[in-house]
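*Asks:* Sharing query.cif here; it has mmCIF, C-alpha atoms.
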```cif
data_data
#
loop_
_atom_site.label_atom_id
_atom_site.label_comp_id
_atom_site.auth_asym_id
_atom_site.auth_seq_id
_atom_site.Cartn_x
_atom_site.Cartn_y
_atom_site.Cartn_z
CA GLU L 22 -10.98 -15.44 2.52
CA PRO L 23 -7.23 -15.55 3.26
CA GLU L 24 -5.78 -12.36 4.71
CA VAL L 25 -2.55 -10.88 5.97
CA THR L 26 -2.42 -10.50 9.74
CA GLN L 27 -0.15 -8.28 11.81
CA THR L 28 0.74 -8.06 15.48
CA PRO L 29 0.67 -6.03 17.60
CA SER L 30 -1.93 -3.57 16.39
CA HIS L 31 -0.29 -0.81 18.42
CA GLN L 32 3.24 -0.66 19.83
CA VAL L 33 4.53 2.10 22.07
CA THR L 34 8.26 2.26 22.71
CA GLN L 35 10.94 4.57 24.01
CA MET L 36 13.45 6.17 21.67
CA GLY L 37 16.50 3.96 21.27
CA GLN L 38 14.66 0.72 22.01
CA GLU L 39 14.40 -2.20 19.62
CA VAL L 40 11.02 -3.25 18.24
CA ILE L 41 9.92 -6.24 16.22
CA LEU L 42 6.77 -6.04 14.15
CA ARG L 43 5.24 -9.33 13.12
CA CYS L 44 3.26 -10.39 10.08
CA VAL L 45 1.68 -13.61 8.86
CA PRO L 46 1.38 -13.34 5.07
CA ILE L 47 -1.24 -15.19 3.05
CA SER L 48 -0.23 -18.83 2.94
CA ASN L 49 1.25 -19.95 -0.39
CA HIS L 50 2.31 -16.37 -1.21
CA LEU L 51 6.00 -16.12 -2.03
CA TYR L 52 6.69 -12.37 -2.03
CA PHE L 53 6.60 -10.25 1.10
CA TYR L 54 6.79 -6.52 1.66
CA TRP L 55 6.89 -3.84 4.30
CA TYR L 56 5.53 -0.34 3.76
CA ARG L 57 5.04 2.52 6.17
CA GLN L 58 2.69 5.48 6.33
CA ILE L 59 3.49 8.48 8.49
CA LEU L 60 0.32 10.16 9.72
CA GLY L 61 -1.21 12.28 6.96
CA GLN L 62 1.34 11.19 4.38
CA LYS L 63 1.44 8.65 1.58
CA VAL L 64 2.25 4.98 1.82
CA GLU L 65 5.99 4.43 1.29
CA PHE L 66 7.82 1.28 0.25
CA LEU L 67 10.45 -0.05 2.64
CA VAL L 68 11.55 -3.48 1.47
CA SER L 69 10.60 -6.55 -0.53
CA PHE L 70 11.64 -10.11 0.28
CA TYR L 71 11.66 -13.23 -1.84
CA ASN L 72 13.34 -16.60 -1.58
CA ASN L 73 14.75 -15.75 1.85
CA GLU L 74 16.52 -12.61 0.77
CA ILE L 75 15.88 -8.92 0.23
CA SER L 76 15.08 -8.25 -3.42
CA GLU L 77 14.72 -4.47 -3.16
CA LYS L 78 14.93 -1.82 -0.46
CA SER L 79 14.27 1.90 -0.35
CA GLU L 80 16.45 4.72 0.93
CA ILE L 81 14.41 4.65 4.16
CA PHE L 82 15.49 1.07 4.87
CA ASP L 83 18.88 1.80 6.41
CA ASP L 84 21.06 -0.28 8.73
CA GLN L 85 18.60 0.22 11.59
CA PHE L 86 16.08 -1.97 9.79
CA SER L 87 16.15 -5.68 9.13
CA VAL L 88 13.69 -8.30 7.96
CA GLU L 89 13.48 -11.99 8.60
CA ARG L 90 11.33 -14.97 7.82
CA PRO L 91 12.09 -17.04 10.92
CA ASP L 92 9.77 -19.91 10.02
CA GLY L 93 7.32 -20.95 7.33
CA SER L 94 4.61 -18.52 8.32
CA ASN L 95 5.99 -15.38 9.96
CA PHE L 96 7.68 -12.35 8.43
CA THR L 97 9.19 -9.77 10.76
CA LEU L 98 10.50 -6.22 10.60
CA LYS L 99 13.03 -5.22 13.24
CA ILE L 100 14.02 -1.66 14.03
CA ARG L 101 17.20 -1.78 16.11
CA SER L 102 17.22 1.62 17.74
CA THR L 103 13.99 3.52 17.25
CA LYS L 104 13.88 7.24 16.55
CA LEU L 105 11.00 9.67 16.98
CA GLU L 106 10.64 9.85 13.21
CA ASP L 107 10.00 6.09 13.02
CA SER L 108 6.53 6.72 14.43
CA ALA L 109 4.14 5.57 11.69
CA MET L 110 1.77 2.83 10.58
CA TYR L 111 3.70 -0.14 9.28
CA PHE L 112 1.97 -2.36 6.76
CA CYS L 113 2.97 -5.82 5.72
CA ALA L 114 1.87 -7.10 2.32
CA SER L 115 2.23 -10.30 0.36
CA SER L 116 1.71 -11.44 -3.22
CA ASP L 117 1.66 -14.71 -5.09
CA GLY L 118 4.05 -13.55 -7.80
CA GLY L 119 6.25 -10.50 -8.22
CA GLN L 120 3.86 -8.94 -10.71
CA ASP L 121 0.73 -9.89 -8.84
CA THR L 122 -1.52 -7.90 -6.60
CA GLN L 123 -0.11 -7.09 -3.19
CA TYR L 124 -2.53 -7.71 -0.32
CA PHE L 125 -2.03 -5.58 2.75
CA GLY L 126 -2.46 -6.32 6.43
CA PRO L 127 -4.28 -4.06 8.90
CA GLY L 128 -1.05 -2.42 10.05
CA THR L 129 0.86 -1.86 13.27
CA ARG L 130 0.82 1.65 14.67
CA LEU L 131 4.27 2.36 16.11
CA THR L 132 4.59 5.25 18.51
CA VAL L 133 8.11 6.24 19.59
CA LEU L 134 8.28 8.47 22.67
CA GLU X 6 12.01 8.33 -10.37
CA ASP X 7 8.43 7.03 -10.46
CA GLN X 8 5.80 9.60 -9.52
CA VAL X 9 2.07 9.41 -8.85
CA THR X 10 -0.17 12.46 -8.45
CA GLN X 11 -3.80 12.13 -7.42
CA SER X 12 -6.50 14.75 -7.71
CA PRO X 13 -8.51 16.12 -6.16
CA GLU X 14 -7.04 15.78 -2.64
CA ALA X 15 -10.54 15.70 -1.20
CA LEU X 16 -13.98 15.32 -2.73
CA ARG X 17 -17.41 15.69 -1.16
CA LEU X 18 -20.38 14.21 -2.97
CA GLN X 19 -24.04 13.82 -2.25
CA GLU X 20 -25.37 10.30 -2.30
CA GLY X 21 -26.10 9.42 -5.93
CA GLU X 22 -23.86 12.14 -7.35
CA SER X 23 -21.41 10.46 -9.75
CA SER X 24 -17.84 11.70 -10.17
CA SER X 25 -14.29 10.68 -11.11
CA LEU X 26 -10.94 10.59 -9.34
CA ASN X 27 -7.75 11.12 -11.27
CA CYS X 28 -4.33 9.47 -10.99
CA SER X 29 -1.51 10.84 -13.16
CA TYR X 30 1.69 8.87 -13.26
CA THR X 31 5.25 9.00 -14.53
CA VAL X 32 7.03 5.66 -14.65
CA SER X 33 9.80 4.18 -16.71
CA GLY X 34 7.70 1.43 -18.26
CA LEU X 35 4.46 0.56 -16.50
CA ARG X 36 4.07 -2.99 -15.28
CA GLY X 37 0.79 -2.35 -13.48
CA LEU X 38 -1.40 0.34 -11.95
CA PHE X 39 -3.28 -0.50 -8.76
CA TRP X 40 -6.26 1.08 -7.03
CA TYR X 41 -6.78 0.56 -3.31
CA ARG X 42 -9.31 1.81 -0.82
CA GLN X 43 -8.15 2.80 2.65
CA ASP X 44 -10.41 3.38 5.63
CA PRO X 45 -9.09 5.43 8.59
CA GLY X 46 -6.55 3.47 10.64
CA LYS X 47 -6.73 0.44 8.32
CA GLY X 48 -4.56 -1.11 5.65
CA PRO X 49 -5.10 -0.55 1.92
CA GLU X 50 -7.79 -2.81 0.50
CA PHE X 51 -7.27 -3.95 -3.08
CA LEU X 52 -9.76 -2.82 -5.72
CA PHE X 53 -8.30 -3.12 -9.24
CA THR X 54 -5.19 -3.81 -11.27
CA LEU X 55 -4.78 -2.35 -14.77
CA TYR X 56 -1.92 -3.38 -17.02
CA SER X 57 -2.30 -1.65 -20.38
CA ALA X 58 -3.77 1.50 -21.90
CA GLY X 59 -7.41 1.08 -22.82
CA GLU X 60 -8.07 -1.48 -20.14
CA GLU X 61 -11.16 -1.08 -17.92
CA LYS X 62 -12.24 -2.92 -14.77
CA GLU X 63 -15.56 -2.66 -12.93
CA LYS X 64 -16.77 -3.62 -9.48
CA GLU X 65 -20.17 -2.57 -8.20
CA ARG X 66 -20.30 1.25 -8.37
CA LEU X 67 -16.61 1.61 -9.28
CA LYS X 68 -14.97 1.56 -12.69
CA ALA X 69 -11.25 2.05 -13.33
CA THR X 70 -9.76 3.06 -16.67
CA LEU X 71 -6.19 3.48 -17.87
CA THR X 72 -4.42 5.61 -20.48
CA LYS X 73 -0.70 5.98 -21.11
CA LYS X 74 -0.44 8.86 -18.64
CA GLU X 75 -3.32 8.57 -16.22
CA SER X 76 -6.01 6.46 -14.68
CA PHE X 77 -9.52 7.38 -13.61
CA LEU X 78 -11.67 5.85 -10.93
CA HIS X 79 -15.30 6.55 -11.81
CA ILE X 80 -17.84 6.30 -9.01
CA THR X 81 -21.44 5.93 -10.16
CA ALA X 82 -24.29 6.78 -7.80
CA PRO X 83 -22.08 6.60 -4.67
CA LYS X 84 -23.39 5.65 -1.25
CA PRO X 85 -22.16 6.84 2.17
CA GLU X 86 -20.33 3.52 2.62
CA ASP X 87 -18.09 4.47 -0.33
CA SER X 88 -16.55 7.17 1.88
CA ALA X 89 -12.82 6.37 2.19
CA THR X 90 -9.44 7.42 0.85
CA TYR X 91 -8.73 5.99 -2.58
CA LEU X 92 -5.09 5.26 -3.33
CA CYS X 93 -3.43 4.81 -6.69
CA ALA X 94 -0.08 3.02 -7.00
CA VAL X 95 2.21 2.09 -9.89
CA GLN X 96 4.68 -0.71 -10.34
CA ALA X 97 7.49 -0.19 -12.82
CA ARG X 98 8.61 -2.88 -15.21
CA GLU X 99 12.22 -2.36 -14.15
CA THR X 100 11.71 -2.79 -10.42
CA SER X 101 13.72 -5.70 -9.09
CA GLY X 102 11.54 -6.12 -6.05
CA SER X 103 8.03 -5.25 -7.20
CA ARG X 104 7.96 -1.95 -5.31
CA LEU X 105 4.68 -0.02 -5.42
CA THR X 106 4.86 3.78 -5.60
CA PHE X 107 1.77 5.37 -4.12
CA GLY X 108 0.08 8.72 -4.61
CA GLU X 109 -1.20 10.85 -1.75
CA GLY X 110 -4.75 9.61 -2.22
CA THR X 111 -8.15 11.22 -2.68
CA GLN X 112 -10.30 11.45 0.41
CA LEU X 113 -13.89 10.86 -0.65
CA THR X 114 -16.86 11.77 1.54
CA VAL X 115 -20.34 10.81 0.43
CA ASN X 116 -23.12 12.54 2.34
CA PRO X 117 -26.55 10.92 2.69
#
```
So, in terms of structure tokens, how does the structure I just supplied come out?

*Replies:*
Amino acid sequence: EPEVTQTPSHQVTQMGQEVILRCVPISNHLYFYWYRQILGQKVEFLVSFYNNEISEKSEIFDDQFSVERPDGSNFTLKIRSTKLEDSAMYFCASSDGGQDTQYFGPGTRLTVL
Amino acid sequence: EDQVTQSPEALRLQEGESSSLNCSYTVSGLRGLFWYRQDPGKGPEFLFTLYSAGEEKEKERLKATLTKKESFLHITAPKPEDSATYLCAVQARETSGSRLTFGEGTQLTVNP
């Protein structure tokens, strides 16, 4: 069964450093998303991406964040200068259509020291 | 602003003891309501999508129902392996980017 994969599973970084989280969405899916979940809190939407551009972003997704689809299979989230409060689980998701079910990856746990 | 409230926050059941989880929502035109299961340290795993009031979906011991203001996830004769956090999320018709708004989840523990 096709699934979303994410790497790394755990990333530890120093405050102020740049990190790139990687995702391989389900092949033939056209819509891609990033969500995050701070420990003990709810899953929060960050950004959605379709046709090589951002289609929606939340208030959390400020200038420190960027997304890219560098090739036909990968989808990345970059945080330019990490803050302590960026520590969270980051989930990538993909869907076939905009109204279709979003399938989530296993997540990357980001720890900012 | 879209809002999702789930209750109870936590639920402990004995194996075989049926119960229901509630998801109340406020959204400006519902496109879809989604139920996911999340195990500790893992990503949400899709269970059901409901699109209109009166709709019901079933899968093994789980059954999801939808009204205009809330959704229920009924668990019949649960087993210990059903222990997880169950998440409810809504997608508004007006969203340009298909954003899902999640509730806090209900943490279910089923004791043998």

*Asks:* The PyMOL selection byres ((chain X) within 10 of (chain L)) on the file shown: which residues, as number ranges by chain?

*Replies:* X: 36-39, 41, 46-54, 92, 94, 96-98, 100-110

*Asks:* So what do you get for atom CA of X:Phe77 versus atom CA of X:Ser29, distance-wise?

*Replies:* 8.7 Å

*Asks:* Any idea what's packed within 8 Å of L:Leu131, counting only C-alpha atoms, ignoring anything in its chain fewer than 6 positions away? Could you give it as an NGL selection string?

*Replies:* :L and (31-34 or 107-111)

*Asks:* Measuring between all atoms listed in the file, which one of L:Asn73, L:Gln35, L:Asn49, L:Thr132 shows the shortest distance to L:Phe96?

*Replies:*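 The answer is L:Asn73, which sits nearest to L:Phe96.
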
*Asks:* Between X:Gln112, X:Ser57, X:Leu67, X:Glu20, which residue has the minimum interatomic distance to X:Pro83, considering all atoms listed in the file?

*Replies:*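 Checking each of X:Gln112, X:Ser57, X:Leu67, X:Glu20 against X:Pro83, counting all atoms listed in the file, the winner is X:Glu20.
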
*Asks:* For atom CA of X:Lys73 and atom CA of X:Thr90, determine how far apart the two atoms are, in Å to one decimal place.

*Replies:*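 Spanning atom CA of X:Lys73 to atom CA of X:Thr90 is a straight-line distance of 23.7 Å.
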
*Asks:* When you count only C-alpha atoms, which of these residues is closest to X:Pro45: X:Val95, X:Ala82, X:Val9, X:Leu113?

*Replies:* X:Leu113

*Asks:* Could you tell me, as a PyMOL selection string, exactly which residues end up selected when the PyMOL selection byres ((chain X and resi 60) around 6) is applied to this structure?

*Replies:* chain X and resi 57-59+61+70-71

*Asks:* Report as a PyMOL selection string all protein, DNA and RNA residues lying within 10 Å of X:Lys74, evaluated on only C-alpha atoms, omitting residues in the same chain fewer than 4 positions from it.

*Replies:* chain X and resi 28-32+35+58

*Asks:* Report the residues retrieved by the PyMOL selection byres ((chain X and resi 68) around 6) from the displayed file, expressed as a PyMOL selection string.

*Replies:* chain X and resi 62-63+67+69+78-79

*Asks:* One decimal, in Å: what's the spacing between atom CA of X:Ala15 and atom CA of X:Asn116?

*Replies:*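 According to the coordinates, atom CA of X:Ala15 and atom CA of X:Asn116 are separated by 13.4 Å.
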
*Asks:* Dump as a list in words all residues having an atom at most 8 Å from (-19.1, 12.0, -7.6), computed in the file's coordinates with all atoms listed in the file.

*Replies:*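 Applying the cut-off with all atoms listed in the file, one gets Leu16, Arg17, Leu18, Gln19, Gly21, Glu22, Ser23, Ser24, Ser25, His79, Ile80, Thr81, Ala82 and Pro83 of chain X.
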
*Asks:* Compare X:Ser76, X:Asn27, X:Thr114, X:Gln8 by their minimum atom-to-atom distance to X:Ser88, counting only C-alpha atoms, and give me the closest one.

*Replies:*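 Closest candidate: X:Thr114.
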
*Asks:* Using only C-alpha atoms, pick whichever of L:Thr97, L:Gln85, L:Ser115, L:Thr103 has the shortest atom-to-atom distance to L:Ile41.

*Replies:*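 Among the listed residues, the smallest separation from L:Ile41 belongs to L:Thr97.
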